[in-house]
>>> print(open('my_file30.csv').read())   # CSV, N, CA and C atoms
chain,number,residue,atom,x,y,z
A,1,MET,N,96.4,97.9,120.6
A,1,MET,CA,97.2,99.0,120.1
A,1,MET,C,98.1,99.5,121.3
A,2,ARG,N,99.3,99.9,120.9
A,2,ARG,CA,100.2,100.4,121.9
A,2,ARG,C,99.8,101.7,122.4
A,3,LYS,N,100.3,102.1,123.5
A,3,LYS,CA,99.9,103.4,124.1
A,3,LYS,C,100.2,104.6,123.3
A,4,SER,N,101.3,104.5,122.5
A,4,SER,CA,101.6,105.6,121.6
A,4,SER,C,100.6,105.9,120.5
A,5,TYR,N,99.7,104.9,120.3
A,5,TYR,CA,98.7,105.0,119.2
A,5,TYR,C,97.3,105.4,119.8
A,6,ARG,N,97.3,105.7,121.1
A,6,ARG,CA,96.0,106.0,121.7
A,6,ARG,C,95.8,107.4,122.2
A,7,VAL,N,94.6,107.9,122.1
A,7,VAL,CA,94.3,109.2,122.7
A,7,VAL,C,93.6,108.8,124.0
A,8,LYS,N,94.2,109.2,125.1
A,8,LYS,CA,93.7,108.7,126.4
A,8,LYS,C,93.2,109.9,127.3
A,9,LYS,N,93.9,111.0,127.3
A,9,LYS,CA,93.6,112.1,128.2
A,9,LYS,C,92.3,112.8,127.8
A,10,GLU,N,91.6,113.3,128.8
A,10,GLU,CA,90.4,114.1,128.6
A,10,GLU,C,90.7,115.3,127.8
A,11,ALA,N,91.8,116.0,128.1
A,11,ALA,CA,92.1,117.2,127.4
A,11,ALA,C,92.4,117.0,125.9
A,12,GLU,N,93.0,115.8,125.6
A,12,GLU,CA,93.2,115.5,124.2
A,12,GLU,C,91.9,115.2,123.5
A,13,PHE,N,91.0,114.5,124.2
A,13,PHE,CA,89.7,114.2,123.6
A,13,PHE,C,89.0,115.6,123.3
A,14,GLN,N,89.0,116.5,124.3
A,14,GLN,CA,88.4,117.8,124.1
A,14,GLN,C,89.0,118.6,123.0
A,15,GLN,N,90.3,118.5,122.8
A,15,GLN,CA,91.0,119.2,121.8
A,15,GLN,C,90.5,118.7,120.4
A,16,VAL,N,90.4,117.4,120.2
A,16,VAL,CA,89.9,116.9,119.0
A,16,VAL,C,88.4,117.3,118.7
A,17,PHE,N,87.6,117.3,119.8
A,17,PHE,CA,86.2,117.7,119.6
A,17,PHE,C,86.1,119.2,119.2
A,18,GLU,N,86.9,120.0,119.8
A,18,GLU,CA,86.8,121.5,119.5
A,18,GLU,C,87.3,121.8,118.1
A,19,LYS,N,88.4,121.1,117.6
A,19,LYS,CA,89.0,121.4,116.3
A,19,LYS,C,88.7,120.3,115.4
A,20,HIS,N,87.5,119.9,115.3
A,20,HIS,CA,87.2,118.6,114.6
A,20,HIS,C,86.6,118.8,113.2
A,21,ASP,N,86.7,117.7,112.5
A,21,ASP,CA,85.9,117.4,111.3
A,21,ASP,C,85.2,116.1,111.7
A,22,SER,N,83.9,116.0,111.5
A,22,SER,CA,83.3,114.8,111.9
A,22,SER,C,82.5,114.2,110.7
A,23,VAL,N,82.4,112.9,110.7
A,23,VAL,CA,81.7,112.1,109.7
A,23,VAL,C,81.0,111.0,110.5
A,24,ALA,N,79.8,110.7,110.0
A,24,ALA,CA,79.0,109.6,110.7
A,24,ALA,C,78.3,108.7,109.8
A,25,ASN,N,78.0,107.5,110.3
A,25,ASN,CA,77.1,106.6,109.7
A,25,ASN,C,76.2,106.1,110.8
A,26,ARG,N,75.4,105.1,110.6
A,26,ARG,CA,74.4,104.7,111.6
A,26,ARG,C,75.1,104.0,112.8
A,27,GLN,N,76.3,103.5,112.7
A,27,GLN,CA,76.9,102.8,113.8
A,27,GLN,C,78.0,103.6,114.5
A,28,PHE,N,78.7,104.5,113.8
A,28,PHE,CA,79.8,105.2,114.3
A,28,PHE,C,79.9,106.7,113.9
A,29,VAL,N,80.5,107.5,114.8
A,29,VAL,CA,80.8,108.9,114.5
A,29,VAL,C,82.3,108.9,114.6
A,30,VAL,N,83.0,109.5,113.6
A,30,VAL,CA,84.4,109.7,113.6
A,30,VAL,C,84.8,111.2,113.5
A,31,TYR,N,85.6,111.6,114.5
A,31,TYR,CA,86.1,112.9,114.6
A,31,TYR,C,87.6,112.8,114.2
A,32,LYS,N,88.1,113.8,113.4
A,32,LYS,CA,89.5,113.8,113.1
A,32,LYS,C,90.1,115.2,113.3
A,33,MET,N,91.4,115.2,113.6
A,33,MET,CA,92.1,116.4,113.8
A,33,MET,C,93.5,116.2,113.2
A,34,GLU,N,93.8,117.1,112.2
A,34,GLU,CA,95.1,117.1,111.6
A,34,GLU,C,96.2,117.4,112.5
A,35,LYS,N,97.3,116.6,112.5
A,35,LYS,CA,98.5,116.9,113.3
A,35,LYS,C,99.7,116.6,112.4
A,36,PRO,N,100.1,117.6,111.6
A,36,PRO,CA,101.2,117.4,110.6
A,36,PRO,C,102.5,116.8,111.1
A,37,ASN,N,102.9,117.1,112.3
A,37,ASN,CA,104.2,116.7,112.8
A,37,ASN,C,104.2,115.4,113.5
A,38,GLN,N,103.1,114.7,113.5
A,38,GLN,CA,102.9,113.5,114.3
A,38,GLN,C,103.4,112.3,113.4
A,39,PRO,N,104.2,111.4,114.0
A,39,PRO,CA,104.8,110.3,113.2
A,39,PRO,C,103.8,109.2,112.9
A,40,HIS,N,102.7,109.0,113.7
A,40,HIS,CA,101.7,108.0,113.3
A,40,HIS,C,100.4,108.5,113.9
A,41,PHE,N,99.3,107.9,113.4
A,41,PHE,CA,97.9,108.3,113.9
A,41,PHE,C,97.8,107.9,115.4
A,42,ARG,N,96.8,108.5,116.0
A,42,ARG,CA,96.4,108.1,117.4
A,42,ARG,C,94.9,108.0,117.3
A,43,ILE,N,94.4,107.0,118.1
A,43,ILE,CA,92.9,106.8,118.1
A,43,ILE,C,92.4,106.8,119.5
A,44,GLY,N,91.2,107.3,119.7
A,44,GLY,CA,90.5,107.3,120.9
A,44,GLY,C,89.1,106.6,120.6
A,45,ILE,N,88.7,105.8,121.5
A,45,ILE,CA,87.4,105.1,121.3
A,45,ILE,C,86.5,105.4,122.5
A,46,SER,N,85.2,105.8,122.2
A,46,SER,CA,84.3,106.1,123.2
A,46,SER,C,83.0,105.3,122.9
A,47,VAL,N,82.5,104.6,124.0
A,47,VAL,CA,81.3,103.8,123.9
A,47,VAL,C,80.4,104.2,125.1
A,48,GLY,N,79.3,104.9,124.8
A,48,GLY,CA,78.5,105.4,125.9
A,48,GLY,C,77.6,104.4,126.5
A,49,LYS,N,76.9,104.8,127.6
A,49,LYS,CA,76.1,103.9,128.4
A,49,LYS,C,74.8,103.5,127.6
A,50,LYS,N,74.5,104.2,126.5
A,50,LYS,CA,73.3,103.8,125.8
A,50,LYS,C,73.5,102.5,125.1
A,51,ILE,N,74.8,102.1,124.9
A,51,ILE,CA,75.1,100.8,124.3
A,51,ILE,C,74.6,99.6,125.2
A,52,GLY,N,74.7,99.7,126.5
A,52,GLY,CA,74.3,98.6,127.3
A,52,GLY,C,75.2,98.6,128.5
A,53,ASN,N,75.3,97.4,129.1
A,53,ASN,CA,76.2,97.3,130.3
A,53,ASN,C,77.6,97.2,129.9
A,54,ALA,N,78.5,97.1,130.9
A,54,ALA,CA,79.9,97.1,130.7
A,54,ALA,C,80.4,96.0,129.8
A,55,VAL,N,79.8,94.9,129.8
A,55,VAL,CA,80.2,93.8,129.0
A,55,VAL,C,80.0,94.1,127.5
A,56,HIS,N,78.8,94.7,127.2
A,56,HIS,CA,78.5,95.1,125.8
A,56,HIS,C,79.4,96.2,125.3
A,57,ARG,N,79.7,97.2,126.2
A,57,ARG,CA,80.5,98.3,125.8
A,57,ARG,C,82.0,97.8,125.5
A,58,ASN,N,82.5,97.0,126.4
A,58,ASN,CA,83.8,96.4,126.2
A,58,ASN,C,83.9,95.6,124.9
A,59,TRP,N,82.8,94.9,124.7
A,59,TRP,CA,82.8,94.0,123.5
A,59,TRP,C,82.9,94.9,122.2
A,60,VAL,N,82.1,96.0,122.2
A,60,VAL,CA,82.2,96.9,121.1
A,60,VAL,C,83.6,97.5,120.9
A,61,LYS,N,84.2,97.9,122.0
A,61,LYS,CA,85.5,98.5,122.0
A,61,LYS,C,86.6,97.6,121.5
A,62,ARG,N,86.5,96.3,121.9
A,62,ARG,CA,87.4,95.3,121.4
A,62,ARG,C,87.3,95.1,119.9
A,63,ARG,N,86.1,95.1,119.4
A,63,ARG,CA,85.9,94.9,118.0
A,63,ARG,C,86.4,96.1,117.2
A,64,VAL,N,86.1,97.3,117.7
A,64,VAL,CA,86.6,98.6,117.0
A,64,VAL,C,88.2,98.6,117.0
A,65,ARG,N,88.7,98.3,118.2
A,65,ARG,CA,90.2,98.2,118.3
A,65,ARG,C,90.8,97.2,117.3
A,66,GLN,N,90.2,96.1,117.2
A,66,GLN,CA,90.8,95.0,116.3
A,66,GLN,C,90.6,95.5,114.9
A,67,SER,N,89.5,96.1,114.5
A,67,SER,CA,89.3,96.6,113.2
A,67,SER,C,90.3,97.6,112.8
A,68,MET,N,90.6,98.5,113.7
A,68,MET,CA,91.6,99.6,113.5
A,68,MET,C,93.0,99.0,113.4
A,69,THR,N,93.3,98.0,114.1
A,69,THR,CA,94.6,97.4,114.0
A,69,THR,C,94.8,96.7,112.7
A,70,GLU,N,93.7,96.1,112.1
A,70,GLU,CA,93.8,95.5,110.8
A,70,GLU,C,93.9,96.6,109.7
A,71,LEU,N,93.3,97.7,109.9
A,71,LEU,CA,93.3,98.8,109.0
A,71,LEU,C,94.6,99.7,109.1
A,72,LYS,N,95.3,99.5,110.1
A,72,LYS,CA,96.5,100.4,110.4
A,72,LYS,C,97.4,100.7,109.2
A,73,PRO,N,97.8,99.8,108.4
A,73,PRO,CA,98.7,100.1,107.3
A,73,PRO,C,98.0,101.1,106.2
A,74,ASN,N,96.7,101.1,106.2
A,74,ASN,CA,96.0,101.9,105.2
A,74,ASN,C,95.5,103.2,105.7
A,75,LEU,N,95.7,103.5,107.0
A,75,LEU,CA,95.2,104.8,107.6
A,75,LEU,C,96.2,105.9,107.4
A,76,ARG,N,95.7,107.1,107.3
A,76,ARG,CA,96.6,108.3,107.3
A,76,ARG,C,97.3,108.4,108.6
A,77,GLN,N,98.5,108.8,108.6
A,77,GLN,CA,99.4,108.8,109.8
A,77,GLN,C,99.4,110.1,110.6
A,78,ASP,N,98.9,111.2,109.9
A,78,ASP,CA,99.1,112.5,110.5
A,78,ASP,C,97.9,113.1,111.2
A,79,VAL,N,97.1,112.2,111.8
A,79,VAL,CA,95.8,112.6,112.4
A,79,VAL,C,95.6,112.0,113.8
A,80,ASP,N,94.8,112.7,114.6
A,80,ASP,CA,94.2,112.0,115.8
A,80,ASP,C,92.7,111.7,115.4
A,81,ILE,N,92.3,110.5,115.8
A,81,ILE,CA,91.0,110.0,115.4
A,81,ILE,C,90.2,109.6,116.6
A,82,LEU,N,88.9,110.1,116.7
A,82,LEU,CA,88.1,109.6,117.8
A,82,LEU,C,86.9,108.8,117.1
A,83,VAL,N,86.7,107.6,117.6
A,83,VAL,CA,85.6,106.8,117.1
A,83,VAL,C,84.6,106.7,118.3
A,84,ILE,N,83.4,107.2,118.0
A,84,ILE,CA,82.3,107.2,119.0
A,84,ILE,C,81.3,106.1,118.5
A,85,ALA,N,81.0,105.2,119.3
A,85,ALA,CA,80.0,104.1,118.9
A,85,ALA,C,78.6,104.6,119.2
A,86,ARG,N,77.7,104.3,118.3
A,86,ARG,CA,76.3,104.6,118.5
A,86,ARG,C,75.6,103.3,118.9
A,87,PRO,N,74.4,103.4,119.5
A,87,PRO,CA,73.7,102.2,120.0
A,87,PRO,C,73.6,101.1,119.0
A,88,ARG,N,73.5,101.5,117.7
A,88,ARG,CA,73.3,100.4,116.6
A,88,ARG,C,74.6,99.6,116.5
A,89,ALA,N,75.7,100.0,117.0
A,89,ALA,CA,76.9,99.2,116.9
A,89,ALA,C,76.9,97.9,117.8
A,90,ASP,N,76.0,97.9,118.8
A,90,ASP,CA,75.9,96.8,119.7
A,90,ASP,C,75.3,95.6,118.9
A,91,GLY,N,76.0,94.5,119.0
A,91,GLY,CA,75.4,93.2,118.4
A,91,GLY,C,75.9,93.0,117.0
A,92,LEU,N,76.7,93.8,116.5
A,92,LEU,CA,77.3,93.6,115.1
A,92,LEU,C,78.4,92.6,115.2
A,93,SER,N,78.5,91.8,114.1
A,93,SER,CA,79.6,90.9,114.0
A,93,SER,C,80.9,91.6,113.7
A,94,MET,N,82.0,90.9,113.9
A,94,MET,CA,83.3,91.6,113.6
A,94,MET,C,83.4,92.1,112.2
A,95,LYS,N,82.9,91.3,111.2
A,95,LYS,CA,82.9,91.7,109.8
A,95,LYS,C,82.0,92.9,109.6
A,96,GLU,N,80.9,93.0,110.2
A,96,GLU,CA,80.0,94.2,110.1
A,96,GLU,C,80.6,95.4,110.7
A,97,VAL,N,81.3,95.3,111.9
A,97,VAL,CA,82.0,96.4,112.5
A,97,VAL,C,83.0,97.0,111.6
A,98,LYS,N,83.9,96.1,111.1
A,98,LYS,CA,84.9,96.5,110.2
A,98,LYS,C,84.4,97.2,108.9
A,99,ALA,N,83.4,96.6,108.3
A,99,ALA,CA,82.8,97.2,107.1
A,99,ALA,C,82.2,98.6,107.4
A,100,SER,N,81.6,98.7,108.5
A,100,SER,CA,81.0,100.0,108.9
A,100,SER,C,82.1,101.1,109.2
A,101,LEU,N,83.2,100.6,109.8
A,101,LEU,CA,84.3,101.5,110.1
A,101,LEU,C,85.0,101.9,108.8
A,102,VAL,N,85.2,101.0,107.9
A,102,VAL,CA,85.8,101.3,106.6
A,102,VAL,C,84.9,102.3,105.9
A,103,HIS,N,83.6,102.2,105.9
A,103,HIS,CA,82.7,103.1,105.2
A,103,HIS,C,82.9,104.5,105.8
A,104,VAL,N,82.9,104.6,107.1
A,104,VAL,CA,83.0,106.0,107.7
A,104,VAL,C,84.4,106.6,107.6
A,105,LEU,N,85.4,105.7,107.6
A,105,LEU,CA,86.8,106.2,107.5
A,105,LEU,C,87.0,106.7,106.0
A,106,LYS,N,86.4,106.0,105.1
A,106,LYS,CA,86.5,106.5,103.7
A,106,LYS,C,85.8,107.9,103.5
A,107,LEU,N,84.6,108.0,104.2
A,107,LEU,CA,83.9,109.3,104.1
A,107,LEU,C,84.8,110.4,104.7
A,108,ALA,N,85.6,110.1,105.7
A,108,ALA,CA,86.4,111.1,106.4
A,108,ALA,C,87.7,111.3,105.7
A,109,ASN,N,88.0,110.6,104.6
A,109,ASN,CA,89.2,110.6,103.9
A,109,ASN,C,90.4,110.2,104.7
A,110,LEU,N,90.2,109.2,105.6
A,110,LEU,CA,91.3,108.8,106.5
A,110,LEU,C,91.9,107.4,106.0
A,111,LEU,N,91.2,106.8,105.0
A,111,LEU,CA,91.6,105.5,104.5
A,111,LEU,C,92.1,105.7,103.1
A,112,ASP,N,93.2,104.9,102.7
A,112,ASP,CA,93.7,105.0,101.4
A,112,ASP,C,92.6,104.8,100.4
A,113,SER,N,92.6,105.5,99.3
A,113,SER,CA,91.5,105.5,98.3
A,113,SER,C,91.5,104.1,97.6
A,114,ASP,N,92.7,103.5,97.5
A,114,ASP,CA,92.8,102.2,96.8
A,114,ASP,C,92.5,101.0,97.7
A,115,TYR,N,92.1,101.2,99.0
A,115,TYR,CA,91.7,100.2,99.9
A,115,TYR,C,90.4,99.5,99.5
A,116,SER,N,90.4,98.2,99.5
A,116,SER,CA,89.2,97.4,99.3
A,116,SER,C,89.2,96.2,100.2
A,117,GLU,N,88.0,95.8,100.6
A,117,GLU,CA,87.8,94.6,101.4
A,117,GLU,C,88.3,93.4,100.7
A,118,GLU,N,89.0,92.5,101.5
A,118,GLU,CA,89.5,91.3,100.9
A,118,GLU,C,88.4,90.3,100.9
>>> encode(input="my_file30.csv", output="structure tokens")
Amino acid sequence: MRKSYRVKKEAEFQQVFEKHDSVANRQFVVYKMEKPNQPHFRIGISVGKKIGNAVHRNWVKRRVRQSMTELKPNLRQDVDILVIARPRADGLSMKEVKASLVHVLKLANLLDSDYSEE
């Protein structure tokens, strides 16, 4: 993802946490904050130390980032999104990570209603 699509600063993360709507499943928690004047969505990814060592955390982040890139055309554009990985996200295949993210994004009403897995 390009820099313009990322939430990177601590203050931006905190702002989304404070003014959030959150939805969760067993693998991920998704926080969203409406930003009506924003031209495209922004995403922040957080993977805590409960996941494992740095190799495992980066592995999960890469899978989440790739899934969000694939879902990009179907996502709402006027929001900031935070994806927090839970310990159960470690060890999932790419297909399982994407399916889990699709599930939680649909619960949060961030994904087009007509989206279906290919």
>>> atom_distance(input="my_file30.csv", atom1="atom C of Leu71 in chain A", atom2="atom C of Lys50 in chain A")
26.6 Å
>>> closest_residue(input="my_file30.csv", among="A:His20, A:Lys35, A:Arg26, A:Lys8", to="Arg88 in chain A", atoms="all atoms listed in the file")
A:Arg26
>>> residues_around(input="my_file30.csv", residues="Arg65 in chain A", least_positions_apart="5", cutoff="8 Å", atoms="all atoms listed in the file", output="PDB file with N, CA and C atoms, in the frame of the given file")
ATOM      1  N   MET A   1      96.400  97.900 120.600  1.00  0.00           N
ATOM      2  CA  MET A   1      97.200  99.000 120.100  1.00  0.00           C
ATOM      3  C   MET A   1      98.100  99.500 121.300  1.00  0.00           C
ATOM      4  N   ILE A  45      88.700 105.800 121.500  1.00  0.00           N
ATOM      5  CA  ILE A  45      87.400 105.100 121.300  1.00  0.00           C
ATOM      6  C   ILE A  45      86.500 105.400 122.500  1.00  0.00           C
ATOM      7  N   TRP A  59      82.800  94.900 124.700  1.00  0.00           N
ATOM      8  CA  TRP A  59      82.800  94.000 123.500  1.00  0.00           C
ATOM      9  C   TRP A  59      82.900  94.900 122.200  1.00  0.00           C
ATOM     10  N   VAL A  60      82.100  96.000 122.200  1.00  0.00           N
ATOM     11  CA  VAL A  60      82.200  96.900 121.100  1.00  0.00           C
ATOM     12  C   VAL A  60      83.600  97.500 120.900  1.00  0.00           C
ATOM     13  N   GLU A  70      93.700  96.100 112.100  1.00  0.00           N
ATOM     14  CA  GLU A  70      93.800  95.500 110.800  1.00  0.00           C
ATOM     15  C   GLU A  70      93.900  96.600 109.700  1.00  0.00           C
ATOM     16  N   LEU A  71      93.300  97.700 109.900  1.00  0.00           N
ATOM     17  CA  LEU A  71      93.300  98.800 109.000  1.00  0.00           C
ATOM     18  C   LEU A  71      94.600  99.700 109.100  1.00  0.00           C
TER      19      LEU A  71
END
>>> closest_residue(input="my_file30.csv", among="A:Gly52, A:Pro39, A:Pro87, A:Pro73", to="Gln27 in chain A", atoms="all atoms listed in the file")
A:Pro87
>>> residues_around(input="my_file30.csv", residues="Phe28 in chain A", least_positions_apart="2", cutoff="5 Å", atoms="all atoms listed in the file", output="PyMOL selection string")
chain A and resi 24-26+30+84-86
>>> closest_residue(input="my_file30.csv", among="A:Ser22, A:Gln38, A:Ser67, A:Gln15", to="Val79 in chain A", atoms="all atoms listed in the file")
A:Gln38
>>> select_by_dssp(input="my_file30.csv", residues="chain A", states="strand (DSSP E or B)", output="list in words")
Arg6, Asp21, Ser22, Val23, Ala24, Phe28, Val29, Val30, Tyr31, Lys32, Met33, Glu34, Arg42, Ile43, Gly44, Ile45, Ser46, Val47, Leu75, Val79, Asp80, Ile81, Leu82, Val83, Ile84, Ala85 and Leu111 of chain A
>>> write_last_selection(input="my_file30.csv", atoms="N, CA and C atoms", output="JSON list (two decimals), keeping the file's coordinate frame")
[["chain", "number", "residue", "atom", "x", "y", "z"],
["A", 6, "ARG", "N", 97.30, 105.70, 121.10],
["A", 6, "ARG", "CA", 96.00, 106.00, 121.70],
["A", 6, "ARG", "C", 95.80, 107.40, 122.20],
["A", 21, "ASP", "N", 86.70, 117.70, 112.50],
["A", 21, "ASP", "CA", 85.90, 117.40, 111.30],
["A", 21, "ASP", "C", 85.20, 116.10, 111.70],
["A", 22, "SER", "N", 83.90, 116.00, 111.50],
["A", 22, "SER", "CA", 83.30, 114.80, 111.90],
["A", 22, "SER", "C", 82.50, 114.20, 110.70],
["A", 23, "VAL", "N", 82.40, 112.90, 110.70],
["A", 23, "VAL", "CA", 81.70, 112.10, 109.70],
["A", 23, "VAL", "C", 81.00, 111.00, 110.50],
["A", 24, "ALA", "N", 79.80, 110.70, 110.00],
["A", 24, "ALA", "CA", 79.00, 109.60, 110.70],
["A", 24, "ALA", "C", 78.30, 108.70, 109.80],
["A", 28, "PHE", "N", 78.70, 104.50, 113.80],
["A", 28, "PHE", "CA", 79.80, 105.20, 114.30],
["A", 28, "PHE", "C", 79.90, 106.70, 113.90],
["A", 29, "VAL", "N", 80.50, 107.50, 114.80],
["A", 29, "VAL", "CA", 80.80, 108.90, 114.50],
["A", 29, "VAL", "C", 82.30, 108.90, 114.60],
["A", 30, "VAL", "N", 83.00, 109.50, 113.60],
["A", 30, "VAL", "CA", 84.40, 109.70, 113.60],
["A", 30, "VAL", "C", 84.80, 111.20, 113.50],
["A", 31, "TYR", "N", 85.60, 111.60, 114.50],
["A", 31, "TYR", "CA", 86.10, 112.90, 114.60],
["A", 31, "TYR", "C", 87.60, 112.80, 114.20],
["A", 32, "LYS", "N", 88.10, 113.80, 113.40],
["A", 32, "LYS", "CA", 89.50, 113.80, 113.10],
["A", 32, "LYS", "C", 90.10, 115.20, 113.30],
["A", 33, "MET", "N", 91.40, 115.20, 113.60],
["A", 33, "MET", "CA", 92.10, 116.40, 113.80],
["A", 33, "MET", "C", 93.50, 116.20, 113.20],
["A", 34, "GLU", "N", 93.80, 117.10, 112.20],
["A", 34, "GLU", "CA", 95.10, 117.10, 111.60],
["A", 34, "GLU", "C", 96.20, 117.40, 112.50],
["A", 42, "ARG", "N", 96.80, 108.50, 116.00],
["A", 42, "ARG", "CA", 96.40, 108.10, 117.40],
["A", 42, "ARG", "C", 94.90, 108.00, 117.30],
["A", 43, "ILE", "N", 94.40, 107.00, 118.10],
["A", 43, "ILE", "CA", 92.90, 106.80, 118.10],
["A", 43, "ILE", "C", 92.40, 106.80, 119.50],
["A", 44, "GLY", "N", 91.20, 107.30, 119.70],
["A", 44, "GLY", "CA", 90.50, 107.30, 120.90],
["A", 44, "GLY", "C", 89.10, 106.60, 120.60],
["A", 45, "ILE", "N", 88.70, 105.80, 121.50],
["A", 45, "ILE", "CA", 87.40, 105.10, 121.30],
["A", 45, "ILE", "C", 86.50, 105.40, 122.50],
["A", 46, "SER", "N", 85.20, 105.80, 122.20],
["A", 46, "SER", "CA", 84.30, 106.10, 123.20],
["A", 46, "SER", "C", 83.00, 105.30, 122.90],
["A", 47, "VAL", "N", 82.50, 104.60, 124.00],
["A", 47, "VAL", "CA", 81.30, 103.80, 123.90],
["A", 47, "VAL", "C", 80.40, 104.20, 125.10],
["A", 75, "LEU", "N", 95.70, 103.50, 107.00],
["A", 75, "LEU", "CA", 95.20, 104.80, 107.60],
["A", 75, "LEU", "C", 96.20, 105.90, 107.40],
["A", 79, "VAL", "N", 97.10, 112.20, 111.80],
["A", 79, "VAL", "CA", 95.80, 112.60, 112.40],
["A", 79, "VAL", "C", 95.60, 112.00, 113.80],
["A", 80, "ASP", "N", 94.80, 112.70, 114.60],
["A", 80, "ASP", "CA", 94.20, 112.00, 115.80],
["A", 80, "ASP", "C", 92.70, 111.70, 115.40],
["A", 81, "ILE", "N", 92.30, 110.50, 115.80],
["A", 81, "ILE", "CA", 91.00, 110.00, 115.40],
["A", 81, "ILE", "C", 90.20, 109.60, 116.60],
["A", 82, "LEU", "N", 88.90, 110.10, 116.70],
["A", 82, "LEU", "CA", 88.10, 109.60, 117.80],
["A", 82, "LEU", "C", 86.90, 108.80, 117.10],
["A", 83, "VAL", "N", 86.70, 107.60, 117.60],
["A", 83, "VAL", "CA", 85.60, 106.80, 117.10],
["A", 83, "VAL", "C", 84.60, 106.70, 118.30],
["A", 84, "ILE", "N", 83.40, 107.20, 118.00],
["A", 84, "ILE", "CA", 82.30, 107.20, 119.00],
["A", 84, "ILE", "C", 81.30, 106.10, 118.50],
["A", 85, "ALA", "N", 81.00, 105.20, 119.30],
["A", 85, "ALA", "CA", 80.00, 104.10, 118.90],
["A", 85, "ALA", "C", 78.60, 104.60, 119.20],
["A", 111, "LEU", "N", 91.20, 106.80, 105.00],
["A", 111, "LEU", "CA", 91.60, 105.50, 104.50],
["A", 111, "LEU", "C", 92.10, 105.70, 103.10]]
>>> select_by_dssp(input="my_file30.csv", residues="chain A", states="alpha helix (DSSP H)", output="ChimeraX atom specification")
/A:10-18,54-71,94-107
>>> atom_distance(input="my_file30.csv", atom1="CA of Lys98 in chain A", atom2="CA of Gln14 in chain A")
25.7 Å
>>> atom_distance(input="my_file30.csv", atom1="atom N of Val7 in chain A", atom2="atom C of Ile81 in chain A")
7.2 Å
>>> residues_around(input="my_file30.csv", residues="Phe13 in chain A", least_positions_apart="4", cutoff="12 Å", atoms="only C-alpha atoms", output="compact mmCIF listing (two decimals) with N, CA and C atoms, in the coordinates of the input")
# COMPACT_ATOMS: atom_id res chain seq x y z
N ARG A 6 97.30 105.70 121.10
CA ARG A 6 96.00 106.00 121.70
C ARG A 6 95.80 107.40 122.20
N VAL A 7 94.60 107.90 122.10
CA VAL A 7 94.30 109.20 122.70
C VAL A 7 93.60 108.80 124.00
N LYS A 8 94.20 109.20 125.10
CA LYS A 8 93.70 108.70 126.40
C LYS A 8 93.20 109.90 127.30
N LYS A 9 93.90 111.00 127.30
CA LYS A 9 93.60 112.10 128.20
C LYS A 9 92.30 112.80 127.80
N PHE A 17 87.60 117.30 119.80
CA PHE A 17 86.20 117.70 119.60
C PHE A 17 86.10 119.20 119.20
N GLU A 18 86.90 120.00 119.80
CA GLU A 18 86.80 121.50 119.50
C GLU A 18 87.30 121.80 118.10
N LYS A 19 88.40 121.10 117.60
CA LYS A 19 89.00 121.40 116.30
C LYS A 19 88.70 120.30 115.40
N HIS A 20 87.50 119.90 115.30
CA HIS A 20 87.20 118.60 114.60
C HIS A 20 86.60 118.80 113.20
N TYR A 31 85.60 111.60 114.50
CA TYR A 31 86.10 112.90 114.60
C TYR A 31 87.60 112.80 114.20
N LYS A 32 88.10 113.80 113.40
CA LYS A 32 89.50 113.80 113.10
C LYS A 32 90.10 115.20 113.30
N MET A 33 91.40 115.20 113.60
CA MET A 33 92.10 116.40 113.80
C MET A 33 93.50 116.20 113.20
N ARG A 42 96.80 108.50 116.00
CA ARG A 42 96.40 108.10 117.40
C ARG A 42 94.90 108.00 117.30
N ILE A 43 94.40 107.00 118.10
CA ILE A 43 92.90 106.80 118.10
C ILE A 43 92.40 106.80 119.50
N GLY A 44 91.20 107.30 119.70
CA GLY A 44 90.50 107.30 120.90
C GLY A 44 89.10 106.60 120.60
N ILE A 45 88.70 105.80 121.50
CA ILE A 45 87.40 105.10 121.30
C ILE A 45 86.50 105.40 122.50
N SER A 46 85.20 105.80 122.20
CA SER A 46 84.30 106.10 123.20
C SER A 46 83.00 105.30 122.90
N ASP A 80 94.80 112.70 114.60
CA ASP A 80 94.20 112.00 115.80
C ASP A 80 92.70 111.70 115.40
N ILE A 81 92.30 110.50 115.80
CA ILE A 81 91.00 110.00 115.40
C ILE A 81 90.20 109.60 116.60
N LEU A 82 88.90 110.10 116.70
CA LEU A 82 88.10 109.60 117.80
C LEU A 82 86.90 108.80 117.10
N VAL A 83 86.70 107.60 117.60
CA VAL A 83 85.60 106.80 117.10
C VAL A 83 84.60 106.70 118.30
N ILE A 84 83.40 107.20 118.00
CA ILE A 84 82.30 107.20 119.00
C ILE A 84 81.30 106.10 118.50
>>> closest_residue(input="my_file30.csv", among="A:Leu92, A:Val16, A:Leu75, A:Val55", to="Glu34 in chain A", atoms="all atoms listed in the file")
A:Val16
>>> closest_residue(input="my_file30.csv", among="A:Val23, A:Ala11, A:Val104, A:Leu111", to="Lys72 in chain A", atoms="only C-alpha atoms")
A:Leu111
